[in-house]
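This report concerns only the one structure given below.
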Amino acid sequence: MKLLEKDFAPNQTGTVKIIAQEPDDLWILYNLISPGDVVTAETTRKVHLESSTKSTTASRVKLTLHLKVTCRDFHKDSSTLRVQGRNLDANQYVAAGSFHTFTLETNKPFELRKKLWGPQAIEALNESTENSTSSVSNSSDADVAVVLLQQHQAEIYLLGKGVTTRCSKIENSSSQPARSKANSANVFYREVFSAFVKHVDFDVVKNVVIASDATRNKEEFRRFLLSEAKRLRMKWIEENKSRIVVVGSGGKNNKGDLGEILGDSAVMNVIKDSKVGMEIRAFRDLWDMVSKNSDLACYGPKNVESANEMRAIETLLITDELYRNEEIGTRQRYAGLVKAVKENGGKALVYSSMHVSAPQLAQLTGVAAILRFPLPDLEDMDYGV
């Protein structure tokens with residue numbers, strides 16, 4: 001994310017002009033923009049124009065609107081951010097108070113005005129823009145790409161910044177007779193290859209994982225991928241073939257579930273040094289401890305806060321649904337917890353709702369901790385809020 005202009009002081013009203021440079025930035029903006037903020041951006045609106053002959057025609061006009069935000073919606077699959085609000089300034093086409101919706105996109109600047117730039121908003125803005133200045137041309141946030149082959153489709157995921165983004169879905173609608181199955185597979189693989197070339201950049205992605213359910217041959221696709229790269233003289237793929245690994249689905253039913261794939265020991269070995277790998281490994285360690293009723297792990301707000309009071313937390317795991325909650329009291333509670341853990345020398349990992357481990361962490365109330373030393377007495381406490 002690129003910060004174009006900045007005009008605010010902490011805990012005061014102010015405005016920034018920013019531009020999202022990649023899909024992950026839109027997720028950060030979803031958490032940064034709150035109801036009551038004012039977003040200013042160029043947009044188009046359908047209007048009806050009356051000609052000299054009194055006939056009307058529909059046309060789209062380009063406008064700049066100032067919307068006071070009422071709600072925002074992030075679409076996981078397409079990584080798009082829609083912001084709805086009331087127009088503050090009347091113009092020729094849109095009355096003051098009328099509802100309108102912006103679709104915020106990458107490489108499209110807009111202004112964000114807040115009544116109060118609090119510590120969390122400033123920290124989120126600074127972190128996102130600092131990351132972009134150090135890696136605009138070599139965005140190292142997308143650590144891993146996953147190509148998941150299934151019977152009737154393939155999906156390509158990019159994992160980074162705590163976010164799992166499905167950047168492509170390729171449908172296989174072919175219904176060829178048996179004698180044409182090989183040709184059908186090649187047509188399908190060629191479409192997957194095209195999507196791979198479009199979305200996977202080895203200057204960005206450190207490793208590629210190819211996995212499949214029981215109906216697809218992942219080794220066969222890897223051979224096809226490298227063969228096509230050689231035929232088309234795509235040396236950037238050939239030179240990185242050691243970073244393209246094939247793994248099993250990880251599940252007993254061989255369904256090729258993304259969560260199971262990323263939990264595979266072979267995959268973990270490949271991504272162990274990446275941010276997403278560390279996040280997944282931390283959650284797996286926690287889950288194993290909880291499953292074994294270990295005194296070195298706890299979950300639930302009361303238990304975790306009690307452990308923090310005793311400075312026992314080594315690693316805090318929390319969902320951003322709690323950490324960036326819209327309710328001010330809840331947000332302050334968990335922001336304070338994260339800050340305290342860090343001040344006590346612990347680590348804090350915030351899992352977005354798009355993270356592959358987020359659904360399981362949510363089952364553990366959304367907040368949990370790996371401890372420095374056992375706290376068996378916590379077992380008798382209430383796991384509620």
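Labels used: A, B, ... for chains in the order of the structure tokens, numbers from 1 for residues in each chain, and numbers from 1 for ligands as shown.
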- Message: Show me, as a ChimeraX atom specification, the residues that have an atom within 7 Å of range 371-375 of chain A when counting only C-alpha atoms, minus same-chain residues fewer than 5 positions from it.
- Response: /A:295-297,312-315
- Task: Within range 98-331 of chain A, find each residue whose DSSP state, derived from the backbone, is strand (DSSP E or B), and express the selection as an NGL selection string.
- Result: :A and (99-104 or 110-114 or 142-149 or 153-160 or 163-171 or 207-212 or 244-246 or 297-299 or 313-319)
For the residues selected in the previous step, produce a file with C-alpha atoms as a PDB file, in the first residue's frame.
```pdb
ATOM      1  CA  PHE A  99     -26.694   6.234  -0.840  1.00  0.00           C
ATOM      2  CA  HIS A 100     -23.867   5.173  -3.126  1.00  0.00           C
ATOM      3  CA  THR A 101     -21.359   2.331  -3.182  1.00  0.00           C
ATOM      4  CA  PHE A 102     -17.666   2.538  -4.011  1.00  0.00           C
ATOM      5  CA  THR A 103     -15.777  -0.505  -5.221  1.00  0.00           C
ATOM      6  CA  LEU A 104     -12.229   0.164  -4.071  1.00  0.00           C
ATOM      7  CA  PHE A 110      -8.808   7.549  -2.711  1.00  0.00           C
ATOM      8  CA  GLU A 111      -8.936   9.681   0.427  1.00  0.00           C
ATOM      9  CA  LEU A 112      -9.868   8.477   3.894  1.00  0.00           C
ATOM     10  CA  ARG A 113     -10.903  10.929   6.605  1.00  0.00           C
ATOM     11  CA  LYS A 114     -11.334   9.882  10.228  1.00  0.00           C
ATOM     12  CA  ALA A 142       3.075 -13.743  -0.672  1.00  0.00           C
ATOM     13  CA  ASP A 143       5.203 -16.525   0.747  1.00  0.00           C
ATOM     14  CA  VAL A 144       3.530 -19.548  -0.806  1.00  0.00           C
ATOM     15  CA  ALA A 145       1.450 -20.436  -3.854  1.00  0.00           C
ATOM     16  CA  VAL A 146      -0.747 -23.531  -3.812  1.00  0.00           C
ATOM     17  CA  VAL A 147      -2.091 -25.210  -6.957  1.00  0.00           C
ATOM     18  CA  LEU A 148      -4.982 -27.452  -5.916  1.00  0.00           C
ATOM     19  CA  LEU A 149      -6.207 -29.869  -8.599  1.00  0.00           C
ATOM     20  CA  GLN A 153     -11.660 -27.639 -11.336  1.00  0.00           C
ATOM     21  CA  ALA A 154      -8.323 -26.261 -10.200  1.00  0.00           C
ATOM     22  CA  GLU A 155      -7.647 -23.417  -7.798  1.00  0.00           C
ATOM     23  CA  ILE A 156      -4.554 -21.294  -7.265  1.00  0.00           C
ATOM     24  CA  TYR A 157      -4.035 -19.700  -3.865  1.00  0.00           C
ATOM     25  CA  LEU A 158      -1.518 -17.122  -2.689  1.00  0.00           C
ATOM     26  CA  LEU A 159      -0.712 -17.025   1.005  1.00  0.00           C
ATOM     27  CA  GLY A 160       0.771 -13.995   2.698  1.00  0.00           C
ATOM     28  CA  VAL A 163      -4.305 -13.838   4.296  1.00  0.00           C
ATOM     29  CA  THR A 164      -5.207 -16.768   2.047  1.00  0.00           C
ATOM     30  CA  THR A 165      -6.325 -15.437  -1.346  1.00  0.00           C
ATOM     31  CA  ARG A 166      -7.808 -17.571  -4.082  1.00  0.00           C
ATOM     32  CA  CYS A 167      -6.535 -15.717  -7.125  1.00  0.00           C
ATOM     33  CA  SER A 168      -7.797 -18.112  -9.793  1.00  0.00           C
ATOM     34  CA  LYS A 169     -10.388 -20.835 -10.292  1.00  0.00           C
ATOM     35  CA  ILE A 170     -10.271 -22.877 -13.495  1.00  0.00           C
ATOM     36  CA  GLU A 171     -13.310 -24.944 -14.395  1.00  0.00           C
ATOM     37  CA  ASN A 207       7.630 -21.881  -2.866  1.00  0.00           C
ATOM     38  CA  VAL A 208       4.893 -23.529  -4.920  1.00  0.00           C
ATOM     39  CA  VAL A 209       2.935 -26.512  -3.645  1.00  0.00           C
ATOM     40  CA  ILE A 210       1.007 -28.734  -6.081  1.00  0.00           C
ATOM     41  CA  ALA A 211      -1.627 -30.966  -4.527  1.00  0.00           C
ATOM     42  CA  SER A 212      -4.679 -32.865  -5.724  1.00  0.00           C
ATOM     43  CA  ILE A 244       7.841 -26.482  -7.059  1.00  0.00           C
ATOM     44  CA  VAL A 245       6.954 -29.415  -4.833  1.00  0.00           C
ATOM     45  CA  VAL A 246       4.262 -32.078  -5.008  1.00  0.00           C
ATOM     46  CA  ALA A 297      -1.731 -24.029  26.539  1.00  0.00           C
ATOM     47  CA  CYS A 298      -4.946 -22.210  27.315  1.00  0.00           C
ATOM     48  CA  TYR A 299      -7.810 -20.570  25.456  1.00  0.00           C
ATOM     49  CA  ILE A 313       2.379 -16.201  27.661  1.00  0.00           C
ATOM     50  CA  GLU A 314       5.061 -17.164  25.156  1.00  0.00           C
ATOM     51  CA  THR A 315       2.845 -16.855  22.049  1.00  0.00           C
ATOM     52  CA  LEU A 316      -0.587 -15.250  21.818  1.00  0.00           C
ATOM     53  CA  LEU A 317      -2.880 -16.309  18.966  1.00  0.00           C
ATOM     54  CA  ILE A 318      -5.893 -14.099  18.280  1.00  0.00           C
ATOM     55  CA  THR A 319      -8.361 -13.587  15.438  1.00  0.00           C
TER      56      THR A 319
END
```
- Item | Given only C-alpha atoms as the counted atoms, nearest of A:Arg284, A:His75, A:Lys241, A:Lys275 to Glu260 in chain A |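 Comparing A:Arg284, A:His75, A:Lys241, A:Lys275 against Glu260 in chain A, the winner is A:Arg284.
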- Within 12 Å of range 227-235 of chain A, counting only C-alpha atoms, which residues qualify if same-chain residues fewer than 2 places away don't, as a ChimeraX atom specification? /A:186,189-194,196-197,201-202,220-225,237-241
Which residues, written as a PDB file with N, CA and C atoms, in the first residue's frame, have at least one atom at most 10 Å from Lys46 in chain A, with only C-alpha atoms counted and residues fewer than 4 positions away on the same chain left out?
```pdb
ATOM      1  N   ALA A  58     -30.099   6.819 -21.018  1.00  0.00           N
ATOM      2  CA  ALA A  58     -29.305   6.447 -19.848  1.00  0.00           C
ATOM      3  C   ALA A  58     -27.830   6.553 -20.192  1.00  0.00           C
ATOM      4  N   SER A  59     -27.074   7.088 -19.269  1.00  0.00           N
ATOM      5  CA  SER A  59     -25.648   7.240 -19.490  1.00  0.00           C
ATOM      6  C   SER A  59     -24.919   7.167 -18.160  1.00  0.00           C
ATOM      7  N   ARG A  60     -23.639   6.778 -18.204  1.00  0.00           N
ATOM      8  CA  ARG A  60     -22.826   6.741 -16.988  1.00  0.00           C
ATOM      9  C   ARG A  60     -21.886   7.938 -16.993  1.00  0.00           C
ATOM     10  N   VAL A  61     -21.860   8.654 -15.869  1.00  0.00           N
ATOM     11  CA  VAL A  61     -21.004   9.820 -15.758  1.00  0.00           C
ATOM     12  C   VAL A  61     -19.977   9.596 -14.654  1.00  0.00           C
ATOM     13  N   LYS A  62     -18.804  10.208 -14.836  1.00  0.00           N
ATOM     14  CA  LYS A  62     -17.751  10.085 -13.838  1.00  0.00           C
ATOM     15  C   LYS A  62     -17.893  11.208 -12.820  1.00  0.00           C
ATOM     16  N   TYR A  93     -25.782  15.462 -10.165  1.00  0.00           N
ATOM     17  CA  TYR A  93     -26.361  14.146 -10.393  1.00  0.00           C
ATOM     18  C   TYR A  93     -26.766  13.400  -9.118  1.00  0.00           C
TER      19      TYR A  93
END
```
Would you mind listing what lies within 10 Å of range 120-127 of chain A as an mmCIF file with all heavy atoms, in the first residue's frame, with only C-alpha atoms counted and same-chain residues fewer than 2 positions away left out?
```cif
data_model
loop_
_atom_site.group_PDB
_atom_site.id
_atom_site.type_symbol
_atom_site.label_atom_id
_atom_site.label_comp_id
_atom_site.auth_asym_id
_atom_site.auth_seq_id
_atom_site.Cartn_x
_atom_site.Cartn_y
_atom_site.Cartn_z
ATOM 1 N N MET A 1 0.846 -1.183 0.000
ATOM 2 C CA MET A 1 0.000 0.000 0.000
ATOM 3 C C MET A 1 0.884 1.237 0.000
ATOM 4 O O MET A 1 1.896 1.286 0.708
ATOM 5 C CB MET A 1 -0.913 -0.008 1.225
ATOM 6 C CG MET A 1 -1.929 1.118 1.228
ATOM 7 S SD MET A 1 -3.511 0.577 1.831
ATOM 8 C CE MET A 1 -3.096 0.008 3.470
ATOM 9 N N LYS A 2 0.496 2.230 -0.780
ATOM 10 C CA LYS A 2 1.308 3.439 -0.908
ATOM 11 C C LYS A 2 0.567 4.623 -0.302
ATOM 12 O O LYS A 2 -0.602 4.868 -0.607
ATOM 13 C CB LYS A 2 1.614 3.702 -2.381
ATOM 14 C CG LYS A 2 2.617 4.825 -2.609
ATOM 15 C CD LYS A 2 2.987 4.919 -4.074
ATOM 16 C CE LYS A 2 4.053 5.987 -4.309
ATOM 17 N NZ LYS A 2 4.424 6.066 -5.736
ATOM 18 N N LEU A 3 1.263 5.350 0.568
ATOM 19 C CA LEU A 3 0.712 6.547 1.198
ATOM 20 C C LEU A 3 1.091 7.745 0.336
ATOM 21 O O LEU A 3 2.267 8.114 0.236
ATOM 22 C CB LEU A 3 1.268 6.696 2.618
ATOM 23 C CG LEU A 3 0.768 7.883 3.438
ATOM 24 C CD1 LEU A 3 -0.737 7.791 3.656
ATOM 25 C CD2 LEU A 3 1.492 7.929 4.782
ATOM 26 N N PHE A 8 -2.705 14.411 9.308
ATOM 27 C CA PHE A 8 -3.374 14.167 10.580
ATOM 28 C C PHE A 8 -2.339 14.065 11.693
ATOM 29 O O PHE A 8 -1.148 13.865 11.452
ATOM 30 C CB PHE A 8 -4.233 12.897 10.553
ATOM 31 C CG PHE A 8 -3.449 11.615 10.504
ATOM 32 C CD1 PHE A 8 -2.930 11.042 11.664
ATOM 33 C CD2 PHE A 8 -3.228 10.957 9.309
ATOM 34 C CE1 PHE A 8 -2.208 9.859 11.631
ATOM 35 C CE2 PHE A 8 -2.510 9.772 9.263
ATOM 36 C CZ PHE A 8 -1.996 9.223 10.434
ATOM 37 N N ALA A 9 -2.827 14.225 12.923
ATOM 38 C CA ALA A 9 -2.012 14.030 14.119
ATOM 39 C C ALA A 9 -2.703 12.971 14.969
ATOM 40 O O ALA A 9 -3.928 12.791 14.884
ATOM 41 C CB ALA A 9 -1.873 15.336 14.898
ATOM 42 N N PRO A 10 -1.940 12.235 15.791
ATOM 43 C CA PRO A 10 -2.561 11.198 16.636
ATOM 44 C C PRO A 10 -3.694 11.745 17.488
ATOM 45 O O PRO A 10 -3.609 12.849 18.036
ATOM 46 C CB PRO A 10 -1.382 10.722 17.503
ATOM 47 C CG PRO A 10 -0.170 11.010 16.683
ATOM 48 C CD PRO A 10 -0.474 12.282 15.946
ATOM 49 N N ASN A 11 -4.779 10.945 17.529
ATOM 50 C CA ASN A 11 -5.958 11.264 18.339
ATOM 51 C C ASN A 11 -6.645 12.553 17.896
ATOM 52 O O ASN A 11 -7.314 13.220 18.695
ATOM 53 C CB ASN A 11 -5.594 11.340 19.822
ATOM 54 C CG ASN A 11 -5.079 10.018 20.348
ATOM 55 O OD1 ASN A 11 -5.665 8.969 20.092
ATOM 56 N ND2 ASN A 11 -3.964 10.059 21.066
ATOM 57 N N VAL A 16 -5.913 10.976 4.912
ATOM 58 C CA VAL A 16 -4.800 10.408 4.163
ATOM 59 C C VAL A 16 -5.280 10.097 2.758
ATOM 60 O O VAL A 16 -6.466 9.833 2.530
ATOM 61 C CB VAL A 16 -4.252 9.115 4.807
ATOM 62 C CG1 VAL A 16 -3.617 9.401 6.152
ATOM 63 C CG2 VAL A 16 -5.333 8.049 4.926
ATOM 64 N N ILE A 18 -4.405 7.400 -0.127
ATOM 65 C CA ILE A 18 -3.688 6.138 -0.254
ATOM 66 C C ILE A 18 -4.101 5.400 -1.523
ATOM 67 O O ILE A 18 -5.134 5.697 -2.118
ATOM 68 C CB ILE A 18 -3.921 5.219 0.973
ATOM 69 C CG1 ILE A 18 -5.407 5.184 1.341
ATOM 70 C CG2 ILE A 18 -3.099 5.623 2.149
ATOM 71 C CD1 ILE A 18 -5.717 4.439 2.618
ATOM 72 N N ILE A 28 -6.460 -5.084 4.283
ATOM 73 C CA ILE A 28 -5.998 -4.152 5.320
ATOM 74 C C ILE A 28 -6.932 -2.943 5.383
ATOM 75 O O ILE A 28 -7.303 -2.480 6.464
ATOM 76 C CB ILE A 28 -4.551 -3.715 5.029
ATOM 77 C CG1 ILE A 28 -3.613 -4.917 5.127
ATOM 78 C CG2 ILE A 28 -4.102 -2.625 6.002
ATOM 79 C CD1 ILE A 28 -2.198 -4.636 4.658
ATOM 80 N N LEU A 29 -7.343 -2.441 4.218
ATOM 81 C CA LEU A 29 -8.246 -1.292 4.180
ATOM 82 C C LEU A 29 -9.610 -1.634 4.765
ATOM 83 O O LEU A 29 -10.253 -0.789 5.399
ATOM 84 C CB LEU A 29 -8.403 -0.806 2.736
ATOM 85 C CG LEU A 29 -7.155 -0.153 2.135
ATOM 86 C CD1 LEU A 29 -7.357 0.109 0.648
ATOM 87 C CD2 LEU A 29 -6.838 1.150 2.868
ATOM 88 N N ASN A 31 -10.148 -3.448 7.255
ATOM 89 C CA ASN A 31 -10.007 -3.319 8.701
ATOM 90 C C ASN A 31 -9.714 -1.887 9.136
ATOM 91 O O ASN A 31 -9.958 -1.523 10.286
ATOM 92 C CB ASN A 31 -8.891 -4.247 9.197
ATOM 93 C CG ASN A 31 -9.279 -5.712 9.113
ATOM 94 O OD1 ASN A 31 -10.185 -6.152 9.790
ATOM 95 N ND2 ASN A 31 -8.596 -6.455 8.267
ATOM 96 N N LEU A 32 -9.183 -1.073 8.223
ATOM 97 C CA LEU A 32 -8.846 0.307 8.558
ATOM 98 C C LEU A 32 -10.058 1.235 8.474
ATOM 99 O O LEU A 32 -10.222 2.152 9.287
ATOM 100 C CB LEU A 32 -7.741 0.805 7.616
ATOM 101 C CG LEU A 32 -7.154 2.190 7.873
ATOM 102 C CD1 LEU A 32 -6.488 2.248 9.239
ATOM 103 C CD2 LEU A 32 -6.164 2.557 6.772
ATOM 104 N N ILE A 33 -10.913 1.011 7.492
ATOM 105 C CA ILE A 33 -12.093 1.863 7.289
ATOM 106 C C ILE A 33 -13.212 1.432 8.240
ATOM 107 O O ILE A 33 -13.542 0.254 8.334
ATOM 108 C CB ILE A 33 -12.574 1.781 5.827
ATOM 109 C CG1 ILE A 33 -11.484 2.292 4.881
ATOM 110 C CG2 ILE A 33 -13.861 2.561 5.626
ATOM 111 C CD1 ILE A 33 -11.780 2.059 3.414
ATOM 112 N N SER A 34 -13.795 2.414 8.920
ATOM 113 C CA SER A 34 -14.858 2.128 9.894
ATOM 114 C C SER A 34 -16.099 2.960 9.579
ATOM 115 O O SER A 34 -15.998 4.024 8.948
ATOM 116 C CB SER A 34 -14.385 2.459 11.319
ATOM 117 O OG SER A 34 -13.231 1.728 11.659
ATOM 118 N N LYS A 114 -10.833 10.409 8.963
ATOM 119 C CA LYS A 114 -11.334 9.882 10.228
ATOM 120 C C LYS A 114 -11.514 11.025 11.227
ATOM 121 O O LYS A 114 -10.708 11.968 11.260
ATOM 122 C CB LYS A 114 -10.356 8.856 10.812
ATOM 123 C CG LYS A 114 -10.386 7.498 10.142
ATOM 124 C CD LYS A 114 -9.401 6.549 10.814
ATOM 125 C CE LYS A 114 -9.560 5.135 10.269
ATOM 126 N NZ LYS A 114 -10.793 4.475 10.780
ATOM 127 N N LEU A 116 -11.134 10.542 14.331
ATOM 128 C CA LEU A 116 -10.086 10.297 15.319
ATOM 129 C C LEU A 116 -9.141 9.230 14.793
ATOM 130 O O LEU A 116 -9.537 8.092 14.580
ATOM 131 C CB LEU A 116 -10.705 9.837 16.646
ATOM 132 C CG LEU A 116 -9.722 9.548 17.773
ATOM 133 C CD1 LEU A 116 -9.105 10.853 18.274
ATOM 134 C CD2 LEU A 116 -10.414 8.840 18.928
ATOM 135 N N TRP A 117 -7.882 9.617 14.600
ATOM 136 C CA TRP A 117 -6.863 8.645 14.211
ATOM 137 C C TRP A 117 -6.247 8.076 15.480
ATOM 138 O O TRP A 117 -5.302 8.635 16.041
ATOM 139 C CB TRP A 117 -5.797 9.304 13.325
ATOM 140 C CG TRP A 117 -6.239 9.456 11.904
ATOM 141 C CD1 TRP A 117 -6.855 10.517 11.332
ATOM 142 C CD2 TRP A 117 -6.108 8.474 10.870
ATOM 143 N NE1 TRP A 117 -7.127 10.288 10.012
ATOM 144 C CE2 TRP A 117 -6.668 9.038 9.696
ATOM 145 C CE3 TRP A 117 -5.562 7.197 10.803
ATOM 146 C CZ2 TRP A 117 -6.717 8.337 8.489
ATOM 147 C CZ3 TRP A 117 -5.614 6.512 9.604
ATOM 148 C CH2 TRP A 117 -6.184 7.074 8.462
ATOM 149 N N GLY A 118 -6.813 6.951 15.931
ATOM 150 C CA GLY A 118 -6.356 6.313 17.148
ATOM 151 C C GLY A 118 -5.093 5.504 16.922
ATOM 152 O O GLY A 118 -4.654 5.301 15.782
ATOM 153 N N THR A 129 2.107 0.610 5.000
ATOM 154 C CA THR A 129 2.873 1.446 4.083
ATOM 155 C C THR A 129 4.368 1.186 4.199
ATOM 156 O O THR A 129 5.092 1.273 3.218
ATOM 157 C CB THR A 129 2.569 2.937 4.325
ATOM 158 O OG1 THR A 129 2.768 3.252 5.715
ATOM 159 C CG2 THR A 129 1.148 3.261 3.941
ATOM 160 N N GLU A 130 4.837 0.855 5.402
ATOM 161 C CA GLU A 130 6.255 0.514 5.564
ATOM 162 C C GLU A 130 6.589 -0.751 4.799
ATOM 163 O O GLU A 130 7.631 -0.867 4.158
ATOM 164 C CB GLU A 130 6.599 0.324 7.043
ATOM 165 C CG GLU A 130 6.737 1.636 7.799
ATOM 166 C CD GLU A 130 6.850 1.433 9.294
ATOM 167 O OE1 GLU A 130 6.954 0.260 9.715
ATOM 168 O OE2 GLU A 130 6.845 2.423 10.035
ATOM 169 N N ASN A 131 5.685 -1.739 4.848
ATOM 170 C CA ASN A 131 5.907 -2.980 4.103
ATOM 171 C C ASN A 131 5.998 -2.715 2.612
ATOM 172 O O ASN A 131 6.797 -3.304 1.901
ATOM 173 C CB ASN A 131 4.776 -3.979 4.375
ATOM 174 C CG ASN A 131 4.871 -4.587 5.760
ATOM 175 O OD1 ASN A 131 5.922 -4.560 6.379
ATOM 176 N ND2 ASN A 131 3.764 -5.113 6.250
ATOM 177 N N SER A 132 5.170 -1.780 2.128
ATOM 178 C CA SER A 132 5.158 -1.515 0.692
ATOM 179 C C SER A 132 6.414 -0.793 0.253
ATOM 180 O O SER A 132 6.941 -1.036 -0.819
ATOM 181 C CB SER A 132 3.922 -0.694 0.309
ATOM 182 O OG SER A 132 4.036 0.629 0.785
ATOM 183 N N TYR A 323 -9.404 -8.710 17.614
ATOM 184 C CA TYR A 323 -8.383 -7.667 17.725
ATOM 185 C C TYR A 323 -8.824 -6.371 17.068
ATOM 186 O O TYR A 323 -8.493 -5.279 17.543
ATOM 187 C CB TYR A 323 -7.089 -8.176 17.088
ATOM 188 C CG TYR A 323 -5.938 -7.210 17.178
ATOM 189 C CD1 TYR A 323 -5.468 -6.774 18.411
ATOM 190 C CD2 TYR A 323 -5.304 -6.744 16.027
ATOM 191 C CE1 TYR A 323 -4.405 -5.883 18.498
ATOM 192 C CE2 TYR A 323 -4.230 -5.866 16.106
ATOM 193 C CZ TYR A 323 -3.791 -5.444 17.345
ATOM 194 O OH TYR A 323 -2.736 -4.563 17.433
ATOM 195 N N ARG A 324 -9.584 -6.457 15.970
ATOM 196 C CA ARG A 324 -10.049 -5.259 15.271
ATOM 197 C C ARG A 324 -11.576 -5.161 15.314
ATOM 198 O O ARG A 324 -12.212 -4.731 14.360
ATOM 199 C CB ARG A 324 -9.557 -5.268 13.822
ATOM 200 C CG ARG A 324 -8.045 -5.253 13.707
ATOM 201 C CD ARG A 324 -7.579 -5.114 12.270
ATOM 202 N NE ARG A 324 -6.139 -5.001 12.186
ATOM 203 C CZ ARG A 324 -5.312 -6.014 11.949
ATOM 204 N NH1 ARG A 324 -5.803 -7.225 11.766
ATOM 205 N NH2 ARG A 324 -4.010 -5.834 11.899
ATOM 206 N N ARG A 331 -12.473 -3.952 21.201
ATOM 207 C CA ARG A 331 -11.221 -3.649 20.519
ATOM 208 C C ARG A 331 -10.138 -3.216 21.507
ATOM 209 O O ARG A 331 -8.995 -3.667 21.448
ATOM 210 C CB ARG A 331 -11.450 -2.552 19.485
ATOM 211 C CG ARG A 331 -10.219 -2.202 18.669
ATOM 212 C CD ARG A 331 -10.465 -1.013 17.772
ATOM 213 N NE ARG A 331 -11.594 -1.224 16.886
ATOM 214 C CZ ARG A 331 -12.051 -0.305 16.033
ATOM 215 N NH1 ARG A 331 -11.461 0.875 15.987
ATOM 216 N NH2 ARG A 331 -13.068 -0.559 15.253
ATOM 217 N N GLN A 332 -10.512 -2.346 22.430
ATOM 218 C CA GLN A 332 -9.541 -1.869 23.422
ATOM 219 C C GLN A 332 -9.057 -3.000 24.324
ATOM 220 O O GLN A 332 -7.882 -3.062 24.697
ATOM 221 C CB GLN A 332 -10.161 -0.743 24.252
ATOM 222 C CG GLN A 332 -10.384 0.549 23.475
ATOM 223 C CD GLN A 332 -11.089 1.599 24.283
ATOM 224 O OE1 GLN A 332 -11.808 1.300 25.245
ATOM 225 N NE2 GLN A 332 -10.921 2.858 23.916
ATOM 226 N N ALA A 335 -6.650 -5.146 22.151
ATOM 227 C CA ALA A 335 -5.457 -4.373 21.804
ATOM 228 C C ALA A 335 -4.550 -4.258 23.025
ATOM 229 O O ALA A 335 -3.316 -4.366 22.916
ATOM 230 C CB ALA A 335 -5.850 -2.987 21.301
#
```
- Message: So that I can see what lies close to Val341 in chain A, please list as a list in words the residues with an atom at most 8 Å from it, counting only C-alpha atoms and leaving out residues fewer than 4 positions away in the same chain.
- Response: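 Using only C-alpha atoms, the neighbours found are Asn308, Arg311, Ile313, Leu316, Leu337, Gly345, Gly346, Lys347 and Ala348 of chain A.
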- Query: To one decimal place, how far is CA of Asp89 in chain A from CA of Glu50 in chain A in Å?
  - Reply: 23.3 Å
